[in-house]
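File shown here: data-v2.txt, holding compact mmCIF, C-alpha atoms.
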# COMPACT_ATOMS: atom_id res chain seq x y z
CA MET A 278 1.88 -3.33 -1.67
CA PRO A 279 4.89 -0.91 -0.10
CA THR A 280 3.60 -2.04 -1.25
CA THR A 281 1.68 -0.26 -4.34
CA ALA A 282 -2.30 1.18 -3.87
CA LEU A 283 -4.39 2.52 -6.65
CA ALA A 284 -5.36 6.20 -6.10
CA LEU A 285 -8.62 7.60 -7.43
CA ARG A 286 -8.41 11.15 -8.68
CA ARG A 287 -11.35 13.42 -8.17
CA PRO A 288 -12.50 15.20 -11.31
CA SER A 289 -11.18 18.70 -11.64
CA VAL A 290 -13.38 21.57 -10.55
CA SER A 291 -13.94 22.71 -14.15
CA ALA A 292 -14.94 19.19 -15.31
CA ARG A 293 -17.40 18.68 -12.45
CA HIS A 294 -19.01 22.08 -12.90
CA LEU A 295 -18.97 22.28 -16.69
CA PRO A 296 -22.63 21.15 -17.22
CA HIS A 297 -23.83 23.63 -14.60
CA LEU A 298 -21.74 26.38 -16.17
CA VAL A 299 -23.29 25.58 -19.56
CA PHE A 300 -26.78 25.82 -18.04
CA LEU A 301 -26.13 29.20 -16.45
CA VAL A 302 -24.39 30.60 -19.54
CA ALA A 303 -27.30 29.49 -21.75
CA ALA A 304 -29.82 31.05 -19.37
CA ALA A 305 -27.81 34.27 -19.22
CA GLY A 306 -27.50 34.31 -23.01
CA THR A 307 -31.25 33.92 -23.36
CA LEU A 308 -31.81 36.87 -21.05
CA VAL A 309 -29.44 39.01 -23.10
CA ARG A 310 -31.26 38.13 -26.30
CA LEU A 311 -34.61 38.89 -24.69
CA PHE A 312 -33.41 42.33 -23.57
CA GLN A 313 -32.13 43.00 -27.08
CA LEU A 314 -35.53 42.16 -28.60
CA ASN A 315 -37.21 44.47 -26.08
CA ASN A 316 -40.81 43.46 -26.83
CA GLU A 317 -43.74 42.63 -24.57
CA LEU A 318 -43.38 38.84 -24.83
CA CYS A 319 -39.72 38.92 -24.06
CA TRP A 320 -40.24 41.05 -20.97
CA SER A 321 -42.84 38.56 -19.71
CA VAL A 322 -40.43 35.66 -20.21
CA ALA A 323 -37.33 37.33 -18.75
CA PRO A 324 -38.37 37.09 -15.04
CA PRO A 325 -39.02 33.30 -15.12
CA THR A 326 -35.75 32.82 -16.99
CA ALA A 327 -33.87 34.81 -14.36
CA ALA A 328 -35.69 32.90 -11.62
CA LEU A 329 -34.71 29.60 -13.27
CA ALA A 330 -31.01 30.56 -13.29
CA LEU A 331 -31.09 31.84 -9.69
CA LEU A 332 -32.97 28.77 -8.42
CA TYR A 333 -30.53 26.49 -10.23
CA ALA A 334 -27.49 28.26 -8.78
CA ALA A 335 -28.96 28.44 -5.27
CA GLY A 336 -29.75 24.72 -5.23
CA LEU A 337 -26.23 23.79 -6.32
CA ALA A 338 -24.67 26.13 -3.77
CA ARG A 339 -26.67 24.61 -0.90
CA TRP A 340 -26.86 21.03 -2.25
CA GLY A 341 -25.40 19.49 0.88
CA ARG A 342 -28.06 21.17 3.03
CA LEU A 343 -31.04 20.21 0.90
CA GLY A 344 -33.11 17.59 2.69
CA ARG A 345 -34.26 14.22 1.40
CA TRP A 346 -37.59 15.61 0.12
CA VAL A 347 -36.35 19.08 -0.81
CA ARG A 348 -34.21 17.90 -3.75
CA PRO A 349 -37.07 16.38 -5.78
CA VAL A 350 -39.20 19.49 -5.09
CA TRP A 351 -36.33 21.73 -6.20
CA LEU A 352 -35.88 19.72 -9.42
CA GLY A 353 -39.64 19.84 -10.02
CA LEU A 354 -39.61 23.66 -9.76
CA LEU A 355 -36.71 23.83 -12.19
CA LEU A 356 -38.51 21.61 -14.70
CA SER A 357 -41.68 23.69 -14.37
CA LEU A 358 -39.89 26.97 -15.05
CA TRP A 359 -37.83 25.45 -17.87
CA THR A 360 -40.96 24.01 -19.53
CA TRP A 361 -42.91 27.24 -19.21
CA VAL A 362 -40.10 29.31 -20.70
CA ALA A 363 -39.41 26.81 -23.51
CA TRP A 364 -43.13 26.66 -24.33
CA THR A 365 -43.49 30.44 -24.35
CA LEU A 366 -40.37 31.47 -26.27
CA PRO A 367 -40.39 31.93 -30.04
CA ALA A 368 -39.29 28.87 -32.02
CA PRO A 369 -35.67 29.99 -32.69
CA PHE A 370 -35.17 30.49 -28.94
CA THR A 371 -36.86 27.22 -28.08
CA PHE A 372 -34.45 25.09 -30.13
CA GLY A 373 -31.46 26.54 -28.26
CA TYR A 374 -33.21 26.49 -24.91
CA ALA A 375 -34.07 22.79 -25.30
CA TRP A 376 -30.41 21.85 -24.81
CA LEU A 377 -30.73 22.81 -21.16
CA ALA A 378 -32.32 19.37 -20.78
CA VAL A 379 -28.79 17.88 -20.69
CA PRO A 380 -27.65 19.49 -17.38
CA LEU A 381 -31.17 18.98 -16.00
CA ALA A 382 -30.82 15.25 -16.76
CA LEU A 383 -27.58 15.21 -14.77
CA LEU A 384 -29.45 16.73 -11.85
CA ALA A 385 -32.09 14.02 -12.22
CA LEU A 386 -29.37 11.38 -11.79
CA ARG A 387 -28.51 12.90 -8.40
CA MET A 388 -31.97 12.31 -6.95
CA PRO A 389 -32.10 10.15 -3.77
CA THR A 390 -33.80 7.00 -5.10
CA GLY A 391 -33.77 5.02 -8.32
CA VAL A 392 -37.51 5.52 -8.83
CA GLU A 393 -37.17 9.28 -8.55
CA ARG A 394 -34.28 9.25 -11.02
CA VAL A 395 -36.20 7.22 -13.60
CA VAL A 396 -39.35 9.35 -13.22
CA ALA A 397 -37.37 12.60 -13.50
CA LEU A 398 -35.56 11.41 -16.66
CA GLY A 399 -38.85 10.31 -18.21
CA VAL A 400 -40.48 13.67 -17.43
CA ILE A 401 -37.51 15.57 -18.90
CA THR A 402 -37.64 13.48 -22.10
CA VAL A 403 -41.41 14.00 -22.53
CA LEU A 404 -41.17 17.76 -21.87
CA LEU A 405 -38.22 18.07 -24.25
CA VAL A 406 -40.06 16.25 -27.07
CA ALA A 407 -43.23 18.29 -26.50
CA ALA A 408 -41.35 21.62 -26.60
CA LEU A 409 -39.48 20.66 -29.77
CA MET A 410 -42.65 19.42 -31.49
CA ARG A 411 -44.42 22.71 -30.71
CA ALA A 412 -41.49 24.76 -31.97
CA GLY A 413 -41.03 22.60 -35.08
CA ASP A 414 -44.71 22.21 -35.97
CA GLY A 415 -44.75 18.44 -35.73
CA LEU A 416 -42.78 15.30 -35.28
CA ASP A 417 -39.54 16.00 -37.17
CA PRO A 418 -36.77 13.43 -36.44
CA ASP A 419 -34.09 15.88 -37.56
CA VAL A 420 -35.25 18.29 -34.85
CA LEU A 421 -36.02 15.78 -32.09
CA ALA A 422 -33.16 13.34 -32.42
CA PRO A 423 -30.09 15.48 -31.49
CA PRO A 424 -31.33 16.88 -28.14
CA VAL A 425 -32.97 13.61 -27.04
CA ALA A 426 -29.92 11.60 -28.06
CA ALA A 427 -27.67 14.06 -26.21
CA VAL A 428 -29.75 13.68 -23.03
CA TRP A 429 -29.63 9.89 -23.00
CA ALA A 430 -26.02 9.66 -24.16
CA THR A 431 -25.10 11.93 -21.25
CA VAL A 432 -27.10 9.71 -18.89
CA LEU A 433 -25.33 6.56 -20.13
CA LEU A 434 -21.90 8.17 -19.93
CA TYR A 435 -22.61 9.41 -16.42
CA ARG A 436 -23.80 5.97 -15.29
CA THR A 437 -20.75 4.32 -16.87
CA GLN A 438 -18.46 6.77 -15.12
CA GLN A 439 -20.16 6.06 -11.79
CA GLN A 440 -19.75 2.32 -12.32
CA LEU A 441 -16.07 2.71 -13.20
CA THR A 442 -15.56 4.90 -10.15
CA ARG A 443 -17.12 2.24 -7.91
CA GLU A 444 -15.00 -0.47 -9.51
CA LEU A 445 -11.84 1.60 -9.14
CA ALA A 446 -12.72 2.31 -5.52
CA GLY A 447 -13.24 -1.41 -4.93
CA THR A 448 -9.92 -2.17 -6.64
CA ARG A 449 -8.19 0.44 -4.53
CA ASP A 450 -9.64 -1.00 -1.34
CA GLU A 451 -8.69 -4.54 -2.39
CA LEU A 452 -5.14 -3.50 -3.24
CA ALA A 453 -4.87 -1.70 0.07
CA ARG A 454 -6.10 -4.82 1.86
CA GLN A 455 -3.63 -7.01 -0.02
CA GLN A 456 -0.84 -4.57 0.73
CA ARG A 457 -1.67 -4.64 4.43
CA GLU A 458 -1.80 -8.45 4.35
CA ALA A 459 1.53 -8.65 2.52
CA GLY A 460 3.07 -6.30 5.05
CA ARG A 461 1.69 -8.37 7.90
CA LEU A 462 3.07 -11.61 6.42
CA ALA A 463 6.45 -9.99 5.71
CA GLU A 464 6.61 -8.71 9.28
CA ARG A 465 5.70 -12.16 10.60
CA ALA A 466 8.45 -13.75 8.47
CA ARG A 467 10.94 -11.13 9.64
CA ILE A 468 10.15 -11.74 13.29
CA ALA A 469 10.36 -15.51 12.75
CA ARG A 470 13.81 -15.11 11.20
CA ASP A 471 14.98 -12.87 14.02
CA LEU A 472 13.70 -15.22 16.69
CA HIS A 473 15.35 -18.16 14.94
CA ASP A 474 18.66 -16.34 14.54
CA THR A 475 18.72 -14.91 18.07
CA LEU A 476 16.71 -16.37 20.89
CA ALA A 477 16.23 -19.87 19.50
CA GLN A 478 19.92 -20.33 18.78
CA GLU A 479 21.11 -18.68 21.97
CA ILE A 480 18.69 -20.64 24.14
CA ALA A 481 19.78 -23.86 22.45
CA GLY A 482 23.40 -22.98 23.23
CA SER A 483 22.56 -22.13 26.82
CA ARG A 484 20.73 -25.43 27.19
CA MET A 485 23.78 -27.31 25.97
CA LEU A 486 25.96 -25.44 28.44
CA LEU A 487 23.62 -26.29 31.30
CA GLN A 488 23.61 -29.94 30.25
CA ALA A 489 27.41 -29.89 30.22
CA ALA A 490 27.45 -28.22 33.65
CA GLU A 491 25.11 -30.91 35.00
CA ARG A 492 27.49 -33.63 33.76
CA ASP A 493 30.52 -31.84 35.26
CA TRP A 494 28.87 -30.82 38.54
CA ASP A 495 30.42 -33.61 40.60
CA ARG A 496 33.66 -34.32 38.69
CA ARG A 497 34.61 -30.76 37.70
CA PRO A 498 32.67 -28.31 39.86
CA ASP A 499 34.81 -25.33 38.85
CA ALA A 500 34.12 -25.96 35.15
CA ALA A 501 30.43 -26.47 35.90
CA ARG A 502 30.19 -23.18 37.78
CA ARG A 503 32.04 -21.45 34.97
CA GLN A 504 29.53 -22.79 32.47
CA VAL A 505 26.62 -21.66 34.65
CA ARG A 506 28.14 -18.18 34.82
CA VAL A 507 28.42 -18.13 31.04
CA VAL A 508 24.75 -19.08 30.79
CA THR A 509 23.82 -16.39 33.30
CA GLU A 510 25.68 -13.78 31.29
CA ALA A 511 24.13 -15.09 28.10
CA LEU A 512 20.64 -14.82 29.60
CA GLY A 513 21.30 -11.18 30.27
CA GLU A 514 22.25 -10.81 26.64
CA HIS A 515 19.10 -12.71 25.62
CA LEU A 516 17.03 -10.22 27.58
CA ALA A 517 18.77 -7.33 25.86
CA GLN A 518 18.21 -8.97 22.47
CA THR A 519 14.54 -9.52 23.26
CA ARG A 520 14.22 -5.85 24.01
CA GLY A 521 16.09 -5.19 20.80
CA ILE A 522 13.52 -7.22 18.86
CA ILE A 523 10.79 -5.18 20.46
CA HIS A 524 12.64 -1.98 19.60
CA ASP A 525 13.07 -2.64 15.89
CA LEU A 526 15.56 -5.48 16.34
CA THR A 527 18.62 -3.33 16.86
CA PRO A 528 21.12 -5.28 19.06
CA PRO A 529 22.65 -3.18 21.87
CA VAL A 530 26.26 -4.00 20.95
CA LEU A 531 25.65 -3.21 17.31
CA ALA A 532 23.94 0.07 18.11
CA GLN A 533 26.77 1.16 20.39
CA ASP A 534 29.95 -0.16 18.77
CA GLY A 535 29.16 -1.14 15.19
CA LEU A 536 29.06 -4.35 13.18
CA GLU A 537 32.68 -5.41 13.68
CA SER A 538 32.45 -5.26 17.47
CA ALA A 539 29.09 -7.06 17.45
CA LEU A 540 30.51 -9.88 15.30
CA ARG A 541 33.64 -10.13 17.43
CA ASP A 542 31.54 -10.37 20.58
CA LEU A 543 29.30 -12.98 18.96
CA CYS A 544 32.27 -15.15 17.97
CA ALA A 545 33.80 -14.85 21.43
CA ARG A 546 30.59 -15.96 23.12
CA THR A 547 29.98 -18.81 20.67
CA GLY A 548 33.38 -20.41 21.39
CA THR A 549 33.12 -20.44 25.19
CA ALA A 550 31.10 -23.64 25.63
CA ALA A 551 32.88 -26.77 26.68
CA GLY A 552 33.43 -29.00 23.66
CA ALA A 553 32.49 -26.21 21.24
CA PRO A 554 34.59 -25.64 18.13
CA ARG A 555 37.18 -22.89 18.22
CA VAL A 556 35.77 -19.73 16.67
CA THR A 557 38.09 -17.05 15.29
CA PHE A 558 37.21 -13.72 13.79
CA ARG A 559 39.07 -11.36 11.49
CA THR A 560 38.37 -8.40 9.22
CA GLU A 561 39.70 -7.45 5.81
CA HIS A 562 40.07 -3.93 4.37
CA ASP A 563 38.89 -0.67 5.85
CA ALA A 564 35.40 -0.50 7.29
CA CYS A 565 32.61 1.33 5.46
CA SER A 566 29.47 2.77 6.97
CA LEU A 567 26.50 0.41 6.90
CA PRO A 568 22.90 1.45 7.52
CA THR A 569 21.56 -0.10 10.73
CA GLU A 570 19.07 -2.31 8.89
CA ARG A 571 21.84 -3.88 6.77
CA ALA A 572 24.23 -4.27 9.68
CA VAL A 573 21.48 -6.01 11.66
CA ALA A 574 20.81 -8.33 8.71
CA LEU A 575 24.49 -9.38 8.46
CA LEU A 576 24.74 -9.89 12.20
CA ARG A 577 21.57 -12.02 12.36
CA VAL A 578 22.59 -14.09 9.36
CA THR A 579 26.02 -14.70 10.89
CA GLN A 580 24.41 -15.69 14.15
CA GLY A 581 22.27 -18.25 12.35
CA LEU A 582 25.23 -19.59 10.34
CA LEU A 583 27.31 -20.02 13.48
CA ALA A 584 24.46 -21.83 15.18
CA ASN A 585 24.16 -24.17 12.19
CA ALA A 586 27.88 -24.91 12.20
CA TYR A 587 27.88 -25.38 15.97
CA GLU A 588 24.99 -27.85 15.97
CA HIS A 589 25.43 -29.72 12.70
CA ALA A 590 28.97 -29.42 11.32
CA ARG A 591 30.89 -31.20 14.12
CA ALA A 592 33.76 -28.88 13.25
CA ALA A 593 36.95 -28.26 15.22
CA HIS A 594 37.40 -24.72 13.89
CA ILE A 595 35.07 -22.05 12.54
CA GLN A 596 36.50 -18.99 10.84
CA VAL A 597 34.36 -15.84 10.54
CA THR A 598 35.64 -13.13 8.21
CA LEU A 599 34.15 -9.67 7.78
CA THR A 600 35.23 -8.17 4.46
CA TYR A 601 34.70 -4.66 3.22
CA GLY A 602 35.07 -4.60 -0.54
CA ASP A 603 35.05 -2.07 -3.31
CA GLU A 604 31.84 -0.20 -4.26
CA ALA A 605 30.77 -0.03 -0.61
CA THR A 606 30.09 -3.75 -0.13
CA ALA A 607 30.25 -5.72 3.10
CA ALA A 608 30.34 -9.50 3.39
CA VAL A 609 30.59 -12.05 6.17
CA GLU A 610 32.02 -15.46 5.42
CA VAL A 611 31.59 -18.38 7.81
CA ARG A 612 33.93 -21.28 7.05
CA ASP A 613 34.19 -24.53 9.02
CA ASP A 614 36.20 -27.75 8.74
CA GLY A 615 33.28 -29.98 9.64
CA VAL A 616 31.45 -32.82 7.93
CA GLY A 617 29.92 -30.67 5.21
CA PHE A 618 26.56 -31.23 3.55
CA ASP A 619 24.75 -31.22 0.22
CA PRO A 620 23.28 -27.71 -0.30
CA ALA A 621 20.67 -28.98 -2.77
CA ALA A 622 19.40 -31.56 -0.30
CA VAL A 623 19.25 -29.05 2.54
CA ARG A 624 17.35 -26.55 0.37
CA THR A 625 14.46 -28.99 -0.05
CA SER A 626 14.41 -30.26 3.51
CA ASP A 627 12.45 -28.97 6.48
CA THR A 628 15.28 -29.31 8.98
CA ASP A 629 16.34 -26.50 11.26
CA ARG A 630 19.43 -26.02 9.15
CA GLY A 631 17.36 -25.76 5.99
CA PHE A 632 15.07 -23.17 7.59
CA GLY A 633 18.09 -21.17 8.75
CA LEU A 634 19.66 -20.99 5.29
CA ALA A 635 16.33 -20.19 3.61
CA ALA A 636 15.58 -17.50 6.16
CA ALA A 637 19.05 -16.02 5.74
CA ARG A 638 18.68 -15.95 1.97
CA GLU A 639 15.25 -14.28 2.20
CA ARG A 640 16.55 -11.65 4.60
CA LEU A 641 19.49 -10.77 2.35
CA GLU A 642 17.53 -10.81 -0.90
CA ALA A 643 14.99 -8.44 0.62
CA LEU A 644 17.85 -5.92 0.89
CA GLY A 645 19.37 -6.70 -2.50
CA GLY A 646 22.06 -9.00 -1.04
CA THR A 647 23.16 -12.56 -1.75
CA LEU A 648 23.87 -15.77 0.14
CA THR A 649 26.41 -18.14 -1.39
CA VAL A 650 26.68 -21.68 -0.04
CA ASP A 651 29.68 -23.88 -0.92
CA SER A 652 29.85 -27.25 0.77
CA THR A 653 30.66 -30.86 -0.01
CA PRO A 654 30.00 -33.80 2.30
CA GLY A 655 33.20 -34.58 4.21
CA GLN A 656 35.01 -31.37 3.18
CA GLY A 657 33.55 -28.64 5.36
CA SER A 658 31.42 -25.64 4.42
CA ARG A 659 31.78 -22.04 3.35
CA VAL A 660 28.80 -19.67 3.44
CA ARG A 661 29.12 -16.04 2.35
CA ALA A 662 26.54 -13.33 3.05
CA ALA A 663 27.04 -10.10 1.09
CA LEU A 664 25.29 -6.72 1.07
CA ARG A 665 25.96 -3.34 -0.40
CA ALA A 666 26.24 -0.49 2.06
CA ALA A 667 23.49 1.25 0.10
CA ASP A 668 21.57 -0.28 -2.73
CA ARG A 669 18.19 -0.29 -4.33
CA VAL A 670 15.86 -2.78 -2.78
CA PRO A 671 14.13 -4.97 -5.41
CA VAL A 672 10.53 -3.89 -5.95
CA GLY A 673 9.14 -7.34 -5.26
CA ALA A 674 11.01 -7.51 -1.95
CA ARG A 675 9.42 -4.48 -0.42
What would the structure in this file look like if it were written as structure tokens?
Amino acid sequence: MPTTALALRRPSVSARHLPHLVFLVAAAGTLVRLFQLNNELCWSVAPPTAALALLYAAGLARWGRLGRWVRPVWLGLLLSLWTWVAWTLPAPFTFGYAWLAVPLALLALRMPTGVERVVALGVITVLLVAALMRAGDGLDPDVLAPPVAAVWATVLLYRTQQQLTRELAGTRDELARQQREAGRLAERARIARDLHDTLAQEIAGSRMLLQAAERDWDRRPDAARRQVRVVTEALGEHLAQTRGIIHDLTPPVLAQDGLESALRDLCARTGTAAGAPRVTFRTEHDACSLPTERAVALLRVTQGLLANAYEHARAAHIQVTLTYGDEATAAVEVRDDGVGFDPAAVRTSDTDRGFGLAAARERLEALGGTLTVDSTPGQGSRVRAALRAADRVPVGAR
């Protein structure tokens, strides 16, 4: 996303257990009141009330171990005890005790099947209305409405919360899938750029050397053998670079000696082919430390720019300059005296040169860098790739 995924937070322990805590506190409060009254009726109601609280707590504690058919039986026992106590208690107790229907309704929503949930909620509503009518001597809306409304409002809120949780979970999974897909596409683009800037360009150069050696084999055998040796050495470098791509694309020369040595070696190898333009390299200012990822990016971009100049510019001289500037910046400029081109036309084309410049720009922008192209047909080209030694990567480029 890198990527970013949407995390779902589990409700806190207090929020998840609040209805159950209310149930147990209400049951315990009823027991205390019954003991305070200390009459025969209260002592006959106290044991079922205590049994209701213990059965409720035991079922919650072992919820995960209750079988498919045990949960409905357990809820049925709870409803039986609750109804018996509510029907037996004096009216003032019954009105308070009726509110236990709210946590019982939440338990009904946790039943295994939809039919069982609907039946349980219907039974709770009927029992609640019956207990309130008995305690209130009739059908009084002022007495019935608050508890019944509380039960069904709780049910609707719970169902809405479940739906939102499922939607958030689906969104999280979709974002995770999109993030993985974006990472896969970015990795594919990165590998394509690296293959273009390394193996494709080097193999093209080696092919040209072998073609030149074939032409010179009879007339200039020494030059032909020299060109074959250069190709042989280059193939060894290609193998090392291939291994570097496999091992996070860190070139051996760069890993051992740093960016300046890697660029110097690249320029020296590029100018060895017969008929190739002369390639010179220089540095400006004192070197600064570059993270490996950024040094690799500048090296690969330079490699692609040299390949473009070699194949398309028809230049006599290519100048590569590595510049370390203020504020920990590093830039590589590739300047040639070739035929030049129209940058706008190349940007919209699908030529190899256009792909190379676009790939170079994408690679640098992903690290917060820039690629500046200055060229005019007939007047040569100047391309500058710049990166900070350490910078924030744009969010969209991750």
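Atom pair CA of Met410 (chain A) / CA of Tyr333 (chain A): separated by 25.5 Å.
One finds CA of Ala382 (chain A) at 7.0 Å from CA of Val432 (chain A).
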Quiz item: Pick from A:Leu381, A:Ala481, A:Ala572, A:Val322: nearest to Val400 (chain A), with all atoms listed in the file counted?
Solution: A:Leu381
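Near (31.6, 0.9, 11.8), the residues inside the 10 Å limit, counting all atoms listed in the file, come to Leu531, Ala532, Gln533, Asp534, Gly535, Leu536, Glu537, Ser538, Asp563, Ala564, Cys565, Ser566, Leu567, Pro568 and Ala572 of chain A.
Nearest residue to Arg577 (chain A), choosing from A:Leu343, A:Ala469, A:Ala490, A:Leu445 and counting only C-alpha atoms: A:Ala469.
Our summary of the geometry notes that CA of Thr365 (chain A) is positioned 13.4 Å from CA of Leu405 (chain A).
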Could you give me the axis-aligned bounding box of region 347-362 of chain A, with 8 Å of padding per side, as centre plus edge lengths in Å to one decimal, as JSON?
{"center_x": -38.6, "center_y": 22.8, "center_z": -10.8, "size_x": 24.7, "size_y": 28.9, "size_z": 35.9}
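Using all atoms listed in the file, the shortest contact distance between Ala330 (chain A) and any of A:Gln504, A:Leu358, A:Ala590, A:Pro654 is found at A:Leu358.
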Practice problem: Around the point (24.7, -28.8, 27.7), in the coordinates given by the file, pick out the residues reaching within 12 Å, counting all atoms listed in the file, and return them as a ChimeraX atom specification. | Solution: /A:480-494,501,504-505,507-508,550-553,588
Quiz item: For Val350 (chain A), which of A:Ser321, A:Arg497, A:Thr437, A:Ala385 is the closest residue, counting all atoms listed in the file?
Solution: A:Ala385
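Ranking A:Leu582, A:Leu386, A:Ala378, A:Leu398 by their shortest atom-to-atom distance to Val597 (chain A), with all atoms listed in the file included, puts A:Leu582 first.
Nearest residue to Ala375 (chain A), choosing from A:Thr402, A:Thr448, A:Thr431, A:Thr390 and counting all atoms listed in the file: A:Thr402.
Residues in contact with Val616 (chain A) at 9 Å, where all atoms listed in the file are counted and same-chain residues fewer than 6 positions away are skipped, are listed as His589, Ala590, Arg591, Ala592, Thr653, Pro654, Gly655, Gln656, Gly657 and Ser658 of chain A.
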Self-check item: Spatial neighbours of Trp361 (chain A), max dist 12 Å, all atoms listed in the file, sep filter under 6 positions, as an MDAnalysis selection string
Solution: chainID A and resid 321:326 328:329 354:355 371 374:375 404:405 407:408
Practice problem: For region 541-545 of chain A, work out the shell of residues within 10 Å, counting only C-alpha atoms and skipping chain neighbours fewer than 2 positions away, then give it as number ranges by chain. | Solution: A: 530-531, 536-539, 547-549, 555-560, 576, 579-580, 583, 595-599
Output C-alpha atoms for every residue in that selection, as an mmCIF file, in the coordinates of the input.
data_model
loop_
_atom_site.group_PDB
_atom_site.id
_atom_site.type_symbol
_atom_site.label_atom_id
_atom_site.label_comp_id
_atom_site.auth_asym_id
_atom_site.auth_seq_id
_atom_site.Cartn_x
_atom_site.Cartn_y
_atom_site.Cartn_z
ATOM 1 C CA VAL A 530 26.260 -4.000 20.950
ATOM 2 C CA LEU A 531 25.650 -3.210 17.310
ATOM 3 C CA LEU A 536 29.060 -4.350 13.180
ATOM 4 C CA GLU A 537 32.680 -5.410 13.680
ATOM 5 C CA SER A 538 32.450 -5.260 17.470
ATOM 6 C CA ALA A 539 29.090 -7.060 17.450
ATOM 7 C CA THR A 547 29.980 -18.810 20.670
ATOM 8 C CA GLY A 548 33.380 -20.410 21.390
ATOM 9 C CA THR A 549 33.120 -20.440 25.190
ATOM 10 C CA ARG A 555 37.180 -22.890 18.220
ATOM 11 C CA VAL A 556 35.770 -19.730 16.670
ATOM 12 C CA THR A 557 38.090 -17.050 15.290
ATOM 13 C CA PHE A 558 37.210 -13.720 13.790
ATOM 14 C CA ARG A 559 39.070 -11.360 11.490
ATOM 15 C CA THR A 560 38.370 -8.400 9.220
ATOM 16 C CA LEU A 576 24.740 -9.890 12.200
ATOM 17 C CA THR A 579 26.020 -14.700 10.890
ATOM 18 C CA GLN A 580 24.410 -15.690 14.150
ATOM 19 C CA LEU A 583 27.310 -20.020 13.480
ATOM 20 C CA ILE A 595 35.070 -22.050 12.540
ATOM 21 C CA GLN A 596 36.500 -18.990 10.840
ATOM 22 C CA VAL A 597 34.360 -15.840 10.540
ATOM 23 C CA THR A 598 35.640 -13.130 8.210
ATOM 24 C CA LEU A 599 34.150 -9.670 7.780
#
